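S.K.: I have a structure here, written as structure tokens, and I will follow up with some questions on it.
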Amino acid sequence: MKAETPKSTGSGFGEAIMVPVRLAMGLVDAPLRWVQRKFGLGGMAAFFLLPNMLIFGIFVLLPFFINFAYSMTGGTALFLDDRTFVGTDQYTRLFDCSNYLDPNSCTEDTFWTAVGNTAWFVVLQVTLMILFSLVTALILNRELTARSFWRAVFFFPVLLSPVVVGLIWKWILQRQGLLNFGLYGFGFQPYTWLNDRNWAFAATVGVSIWAHMGFYTLILLAGLQAIPKDLYEAAEMDGTRPARAFWRITLPLLMPNLLVVIVLVLIRAVQIFDEVYVLTGGGPGTSTLYLTQYIYETGFATQLRNPGLAAAASILMGGVLIVLTLIQLGLGRSSEKKGSRK
Amino acid sequence: MSRIAAFIFRRKGGNGWHWTDIVTWIWLVGGLLIMFGPAVWLVGSSFKSPAALAEFPPTLLPYVTQKVTVEGYDKPLYLYDATLPDGSKAVLAEVRRIGIISQMVDPEKPREIIKVNIAQRTPVRTMAFATTNYTEPFIHFDFVRYLWNSVFVTVTATLITLVVNSMAAFALSKYEFRGRAVAMLLILATLMVPLSVIMVPLYSIVSALGLFNNLWGVILPTVATPTGVFILRQYMLTIPDELIDAARMDKASEWQIYWRIVLPLTAPALAVLAIFSVVWRWNDFLWPLIVLSRKELYTLQVGLSIYSGELNVQWHFILAMTVVTMIPVVLVFIFLQRFITTGIAGTGLK
């Protein structure tokens with residue numbers, strides 16, 4: 001009998017690692033054969049699904065439902081049974097405002113400041129993010145030497161951790177930083193950008209675009225490359241100007257991808273936290289305090305922490321996110337259908 | 001040289017430069033500077049001494065002012081190129097500075113003090129890499145601990161993610177059972193429940209399980225990723241069912257089918273998920289920040305953010321530690337970037 005040759009003959013090291021794994025998998029097999037005899041294929045399906053569902057259940061679904069109960073209770077106690085029921089007090093408190101456009105007129109003024117900041121941030125960041133990643137995708141879609149290199153260039157920051165991103169830019173924007181150095185060459189005096197309310201806000205927008213635009217560029221580029229080239233050739237033959245070809249061919253055919261990207265950017269912009277927390281810490285004052293940081297600080301970080309209030313605020317944010325996600329899923333579904341019809 | 005230039009700048013038609021070509025190259029070169037520049041600047045800065053970091057305007061490369069030990073003085077003195085009042089030039093060591101007058105000595109003749117206006121002297125500098133920025137945190141801080149915690153969380157979470165997600169994907173792609181649609185929907189629904197929405201109750205659950213201030217409290221909530229299940233299920237759907245039926249004929253158990261047939265065939269998708277998972281877990285910040293409050297449990301990201309948020313930031317250490325934190329991700333970028341980009345373009349998920 002000829003010995004079977006395994007398909008992947010890895011290195012000796014790889015083989016050595018695989019020995020205990022094989023052993024473990026073999027040991028698990030015997031009891032599982034019993035399970036299979038006893039409960040059949042359906043039982044095995046349940047077995048395979050169980051670990052994932054258990055973790056989802058405990059760490060995602062359970063907290064999701066507890067969150068509602070949490071938002072109906074007050075006090076600083078951690079566990080739900082120690083907390084006192086207060087009904088909708090937390091929501092009333094969040095919404096207690098004489099003028100919604102002026103955070104100072106509200107009981108929970110930091111919440112409304114965070115809402116206002118987040119709204120401005122989302123509008124600016126999403127617009128600029130789409131603009132930059134669309135232009136980059138269009139440029140990368142041209143006849144380019146070493147396209148994969150240029151694609152990688154714009155993708156590089158996507159992999160960096162938000163903390164590293166925050167620190168890189170904190171270092172550049174500080175007084176002895178690279179930006180001041182560059183401006184100094186043009187005769188400007190050094191400036192502490194992150195201590196200025198407006199510049200700090202602009203920095204959070206800019207840095208989050210810098211960190212994530214490569215990701216959306218990639219999705220848009222994939223969409224652009226799926227557009228059949230012969231459409232452009234036909235348009236050229238008809239003497240269509242490039243600008244017209246962009247508005248009449250590129251944009252309509254890219255629209256499904258573009259919409260998905262817009263919603264994705266929106267979902268993540270609403271939740272912005274990590275980079276900003278490291279870069280500005282929400283400051284100066286509360287000028288870059290966004291919703292997630294408000295929830296984090298209300299729930300965990302401040303002296304007078306109030307988990308119930310944080311839960312109520314997070315449910316309001318969750319509502320917005322669920323609507324956005326449903327839109328995204330709907331868009332994904334419809335663009336899939338279009339694809340399959342081809 | 002000109003041939004290389006001709007190759008790089010070649011155009012399809014070959015007919016002259018259109019304004020869009022100029023815009024393209026400005027955008028690309030500008031992008032190169034803006035995307036890589038900040039990280040390169042950080043790496044360069046991480047080799048500078050604290051004194052060099054504090055100076056403005058900064059230098060591109062790390063320099064230190066040379067010191068010299070002069071007879072009669074305990075501490076080494078800084079060396080300067082000085083222009084003497086009579087117009088001659090000399091290399092002198094500074095003893096002390098009073099106002100705008102610097103009292104200096106010639107290292108050869110330490111007795112005699114020479115007074116020089118500070119505008120008339122420039123430091124003698126040599127390039128020196130402050131490698132102590134890297135070695136010190138390893139010796140005197142908990143940096144090794146943070147590094148170990150991060151590695152432990154990343155590796156463990158990735159392994160569990162691969163096993164748990166591939167099992168679920170196998171069940172959802174290769175079995176017909178009641179409630180499959182419900183299970184799919186549930187997994188889909190978890191996409192809508194990001195951490196920022198459930199962090200308060202999740203914290204109470206993790207505490208109730210005794211996982212507060214425990215690395216497992218960081219690991220477990222992250223391992224059942226809906227993205228992972230989707231990527232793997234999509235891939236497993238392409239494995240022909242005949243293969244599985246044939247194995248069943250040969251009396252293979254379902255478990256054997258899973259790990260000896262389906263898993264090896266899913267290897268490319270598993271690799272993509274593994275890369276994603278490593279990057280995600282290495283970069284996680286908010287959740288570890290909530291769960292870990294004891295210093296010795298911090299992951300790199302938490303440790304870095306805490307140190308950089310201190311009142312008196314020791315930038316020379318922070319910069320070096322940031323570079324170390326960047327290394328695994330940069331390695332992934334250099335060697336595996338292609339997998340990731342095709343993975344994202346294929347699934348549209350991150």
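Here, A, B, ... name the chains of the structure tokens in the order displayed, residue numbers run from 1 inside each chain, and ligands are numbered from 1 in the same displayed order.
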Taking only region 232-331 of chain B into account, list the residues labelled helix (DSSP H, G or I) by DSSP (computed from the backbone), as a PDB file with C-alpha atoms, in the first residue's frame.
M.R.:
ATOM      1  CA  LEU B 232     -15.994  31.877   6.162  1.00  0.00           C
ATOM      2  CA  ARG B 233     -19.559  30.895   5.315  1.00  0.00           C
ATOM      3  CA  GLN B 234     -19.319  32.586   1.919  1.00  0.00           C
ATOM      4  CA  TYR B 235     -16.180  30.592   1.222  1.00  0.00           C
ATOM      5  CA  MET B 236     -17.536  27.278   2.532  1.00  0.00           C
ATOM      6  CA  ASP B 241     -21.447  19.052  -1.120  1.00  0.00           C
ATOM      7  CA  GLU B 242     -20.455  15.887  -3.030  1.00  0.00           C
ATOM      8  CA  LEU B 243     -17.135  15.953  -1.216  1.00  0.00           C
ATOM      9  CA  ILE B 244     -18.909  15.818   2.121  1.00  0.00           C
ATOM     10  CA  ASP B 245     -21.332  13.139   0.993  1.00  0.00           C
ATOM     11  CA  ALA B 246     -18.410  11.010  -0.204  1.00  0.00           C
ATOM     12  CA  ALA B 247     -16.736  11.354   3.193  1.00  0.00           C
ATOM     13  CA  ARG B 248     -19.959  10.328   4.918  1.00  0.00           C
ATOM     14  CA  MET B 249     -20.047   7.216   2.690  1.00  0.00           C
ATOM     15  CA  GLU B 254     -19.157  15.042  11.114  1.00  0.00           C
ATOM     16  CA  TRP B 255     -16.348  16.332  13.274  1.00  0.00           C
ATOM     17  CA  GLN B 256     -13.784  14.678  10.991  1.00  0.00           C
ATOM     18  CA  ILE B 257     -15.501  16.189   7.968  1.00  0.00           C
ATOM     19  CA  TYR B 258     -15.250  19.595   9.609  1.00  0.00           C
ATOM     20  CA  TRP B 259     -11.614  19.574  10.508  1.00  0.00           C
ATOM     21  CA  ARG B 260     -10.056  17.231   7.928  1.00  0.00           C
ATOM     22  CA  ILE B 261     -11.992  18.241   4.817  1.00  0.00           C
ATOM     23  CA  VAL B 262     -13.723  21.568   5.203  1.00  0.00           C
ATOM     24  CA  LEU B 263     -11.125  23.438   7.281  1.00  0.00           C
ATOM     25  CA  PRO B 264      -8.133  22.681   5.005  1.00  0.00           C
ATOM     26  CA  LEU B 265     -10.183  23.725   1.976  1.00  0.00           C
ATOM     27  CA  ALA B 267      -7.514  27.841   4.415  1.00  0.00           C
ATOM     28  CA  PRO B 268      -7.415  31.005   2.218  1.00  0.00           C
ATOM     29  CA  ALA B 269     -10.472  32.490   3.940  1.00  0.00           C
ATOM     30  CA  LEU B 270      -9.138  31.458   7.345  1.00  0.00           C
ATOM     31  CA  ALA B 271      -5.882  33.238   6.527  1.00  0.00           C
ATOM     32  CA  VAL B 272      -7.745  36.435   5.631  1.00  0.00           C
ATOM     33  CA  LEU B 273      -9.775  36.256   8.840  1.00  0.00           C
ATOM     34  CA  ALA B 274      -6.636  35.554  10.871  1.00  0.00           C
ATOM     35  CA  ILE B 275      -4.919  38.652   9.460  1.00  0.00           C
ATOM     36  CA  PHE B 276      -7.976  40.802  10.139  1.00  0.00           C
ATOM     37  CA  SER B 277      -8.360  39.408  13.629  1.00  0.00           C
ATOM     38  CA  VAL B 278      -4.718  40.037  14.526  1.00  0.00           C
ATOM     39  CA  VAL B 279      -4.964  43.661  13.395  1.00  0.00           C
ATOM     40  CA  TRP B 280      -8.316  44.207  15.138  1.00  0.00           C
ATOM     41  CA  ARG B 281      -7.267  42.729  18.464  1.00  0.00           C
ATOM     42  CA  TRP B 282      -3.846  44.344  18.449  1.00  0.00           C
ATOM     43  CA  ASN B 283      -5.478  47.730  17.859  1.00  0.00           C
ATOM     44  CA  LEU B 286     -11.945  51.299  24.197  1.00  0.00           C
ATOM     45  CA  TRP B 287     -12.918  47.918  25.612  1.00  0.00           C
ATOM     46  CA  PRO B 288      -9.522  47.106  27.186  1.00  0.00           C
ATOM     47  CA  LEU B 289      -9.554  50.643  28.595  1.00  0.00           C
ATOM     48  CA  ILE B 290     -12.830  49.851  30.383  1.00  0.00           C
ATOM     49  CA  VAL B 291     -12.049  46.313  31.539  1.00  0.00           C
ATOM     50  CA  LYS B 295      -1.479  48.721  35.609  1.00  0.00           C
ATOM     51  CA  GLU B 296       0.094  45.305  35.174  1.00  0.00           C
ATOM     52  CA  LEU B 297      -2.809  44.198  32.971  1.00  0.00           C
ATOM     53  CA  LEU B 300       0.099  48.306  24.772  1.00  0.00           C
ATOM     54  CA  GLN B 301      -2.643  50.579  23.471  1.00  0.00           C
ATOM     55  CA  VAL B 302      -4.031  51.311  26.932  1.00  0.00           C
ATOM     56  CA  GLY B 303      -0.577  51.760  28.444  1.00  0.00           C
ATOM     57  CA  LEU B 304       0.443  54.149  25.678  1.00  0.00           C
ATOM     58  CA  SER B 305      -2.667  56.269  25.982  1.00  0.00           C
ATOM     59  CA  ILE B 306      -2.378  56.468  29.772  1.00  0.00           C
ATOM     60  CA  TYR B 307       1.292  57.477  29.659  1.00  0.00           C
ATOM     61  CA  SER B 308       0.709  60.019  26.908  1.00  0.00           C
ATOM     62  CA  TRP B 315       7.752  62.037  24.824  1.00  0.00           C
ATOM     63  CA  HIS B 316      11.058  60.294  24.166  1.00  0.00           C
ATOM     64  CA  PHE B 317       9.719  57.089  25.721  1.00  0.00           C
ATOM     65  CA  ILE B 318       6.218  57.469  24.289  1.00  0.00           C
ATOM     66  CA  LEU B 319       7.595  57.868  20.760  1.00  0.00           C
ATOM     67  CA  ALA B 320       9.812  54.802  21.039  1.00  0.00           C
ATOM     68  CA  MET B 321       6.976  52.712  22.494  1.00  0.00           C
ATOM     69  CA  THR B 322       4.662  53.902  19.728  1.00  0.00           C
ATOM     70  CA  VAL B 323       7.174  52.704  17.154  1.00  0.00           C
ATOM     71  CA  VAL B 324       7.327  49.282  18.830  1.00  0.00           C
ATOM     72  CA  THR B 325       3.518  49.164  18.856  1.00  0.00           C
ATOM     73  CA  MET B 326       3.502  49.950  15.135  1.00  0.00           C
ATOM     74  CA  ILE B 327       5.934  47.172  14.187  1.00  0.00           C
ATOM     75  CA  PRO B 328       3.551  44.172  13.944  1.00  0.00           C
ATOM     76  CA  VAL B 329       1.037  46.161  11.935  1.00  0.00           C
ATOM     77  CA  VAL B 330       3.730  47.493   9.615  1.00  0.00           C
ATOM     78  CA  LEU B 331       4.952  43.918   9.079  1.00  0.00           C
TER      79      LEU B 331
END
S.K.: Counting only C-alpha atoms, which residues of region 139-244 of chain A sit at most 6 Å from some atom of region 280-303 of chain A, and what is each one's closest atom pair with its distance in Å to one decimal, listed by chain and rising residue number, as a tab-separated table?
M.R.:
residue	atom	partner	partner_atom	distance
A:Asn195	CA	A:Pro284	CA	5.7
A:Arg197	CA	A:Ser287	CA	5.7
A:Phe201	CA	A:Thr288	CA	5.6
S.K.: From the set B:Ile198, B:Thr158, B:Val116, B:Gly37, which residue has the shortest atom-to-atom contact distance to Leu62 (chain A), counting only C-alpha atoms?
M.R.: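 The closest residue to Leu62 (chain A) is B:Ile198.
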S.K.: Pick out the chain B residues within 7 Å of chain A. Count only C-alpha atoms. Give them as JSON, numbers by chain.
M.R.: {"B": [8, 24, 31, 32, 35, 38, 39, 42, 54, 55, 56, 57, 58, 164, 165, 167, 168, 171, 175, 177, 190, 192, 196, 197, 198, 200, 201, 202, 204, 221, 224, 253, 255, 279, 283, 285, 286, 301, 305, 322, 326, 329, 333, 345, 348]}
S.K.: One decimal, in Å: what's the spacing between CA of Phe47 (chain B) and CA of Pro62 (chain B)?
M.R.: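 Separation between CA of Phe47 (chain B) and CA of Pro62 (chain B): 6.3 Å.
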S.K.: Extract the full set of strand (DSSP E or B) residues from region 62-275 of chain B according to DSSP on the backbone, and format it as a PyMOL selection string.
M.R.: chain B and resi 63-65+67-68+77-83+89-98+101-106+109-117+121-123+125-127
S.K.: Go ahead and write the residues just picked, C-alpha atoms, as a PDB file, in the first residue's frame.
M.R.:
ATOM      1  CA  TYR B  63      21.730  65.334  16.871  1.00  0.00           C
ATOM      2  CA  VAL B  64      23.236  65.790  20.303  1.00  0.00           C
ATOM      3  CA  THR B  65      25.561  68.508  21.535  1.00  0.00           C
ATOM      4  CA  LYS B  67      30.249  67.035  25.774  1.00  0.00           C
ATOM      5  CA  VAL B  68      33.751  67.056  27.073  1.00  0.00           C
ATOM      6  CA  LEU B  77      30.612  70.376  29.763  1.00  0.00           C
ATOM      7  CA  TYR B  78      28.929  71.197  26.445  1.00  0.00           C
ATOM      8  CA  LEU B  79      31.203  72.081  23.540  1.00  0.00           C
ATOM      9  CA  TYR B  80      30.662  75.176  21.378  1.00  0.00           C
ATOM     10  CA  ASP B  81      32.202  76.757  18.314  1.00  0.00           C
ATOM     11  CA  ALA B  82      32.772  80.260  19.579  1.00  0.00           C
ATOM     12  CA  THR B  83      33.865  83.450  17.872  1.00  0.00           C
ATOM     13  CA  LYS B  89      37.462  81.106  16.250  1.00  0.00           C
ATOM     14  CA  ALA B  90      37.901  78.384  18.864  1.00  0.00           C
ATOM     15  CA  VAL B  91      36.208  75.285  20.248  1.00  0.00           C
ATOM     16  CA  LEU B  92      35.295  76.022  23.872  1.00  0.00           C
ATOM     17  CA  ALA B  93      33.394  74.335  26.696  1.00  0.00           C
ATOM     18  CA  GLU B  94      30.653  76.253  28.510  1.00  0.00           C
ATOM     19  CA  VAL B  95      30.997  76.457  32.292  1.00  0.00           C
ATOM     20  CA  ARG B  96      27.904  78.542  33.021  1.00  0.00           C
ATOM     21  CA  ARG B  97      25.675  81.084  31.388  1.00  0.00           C
ATOM     22  CA  ILE B  98      24.831  84.432  32.946  1.00  0.00           C
ATOM     23  CA  ILE B 101      27.164  86.129  28.454  1.00  0.00           C
ATOM     24  CA  SER B 102      28.528  82.618  28.447  1.00  0.00           C
ATOM     25  CA  GLN B 103      31.556  81.804  30.545  1.00  0.00           C
ATOM     26  CA  MET B 104      33.692  79.343  28.661  1.00  0.00           C
ATOM     27  CA  VAL B 105      36.976  77.541  28.997  1.00  0.00           C
ATOM     28  CA  ASP B 106      39.364  76.065  26.530  1.00  0.00           C
ATOM     29  CA  LYS B 109      43.711  75.387  29.296  1.00  0.00           C
ATOM     30  CA  PRO B 110      41.010  74.893  31.982  1.00  0.00           C
ATOM     31  CA  ARG B 111      42.209  77.709  34.281  1.00  0.00           C
ATOM     32  CA  GLU B 112      41.357  80.669  32.152  1.00  0.00           C
ATOM     33  CA  ILE B 113      37.674  81.732  31.793  1.00  0.00           C
ATOM     34  CA  ILE B 114      36.696  83.352  28.509  1.00  0.00           C
ATOM     35  CA  LYS B 115      33.491  85.425  28.275  1.00  0.00           C
ATOM     36  CA  VAL B 116      31.565  85.086  25.032  1.00  0.00           C
ATOM     37  CA  ASN B 117      28.263  86.597  23.947  1.00  0.00           C
ATOM     38  CA  ARG B 121      28.612  80.607  19.813  1.00  0.00           C
ATOM     39  CA  THR B 122      27.035  77.568  18.165  1.00  0.00           C
ATOM     40  CA  PRO B 123      26.937  74.109  19.708  1.00  0.00           C
ATOM     41  CA  ARG B 125      26.819  68.648  17.355  1.00  0.00           C
ATOM     42  CA  THR B 126      27.170  65.110  16.176  1.00  0.00           C
ATOM     43  CA  MET B 127      24.518  62.703  15.014  1.00  0.00           C
TER      44      MET B 127
END
S.K.: Can you tell me, as a VMD selection string, what residues are no more than 12 Å from Ala245 (chain A) when counting only C-alpha atoms, ignoring any on the same chain fewer than 2 positions away?
M.R.: chain A and resid 229 231 to 243 247 to 253
S.K.: Measuring between only C-alpha atoms, which one of B:Asn213, B:Gln337, B:Thr299, B:Thr59 shows the shortest distance to Val151 (chain B)?
M.R.: B:Thr299
S.K.: Report, in Å with one decimal, the straight-line distance from CA of Val122 (chain A) to CA of Leu33 (chain B).
M.R.: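 Taking CA of Val122 (chain A) and CA of Leu33 (chain B), their separation equals 26.3 Å.
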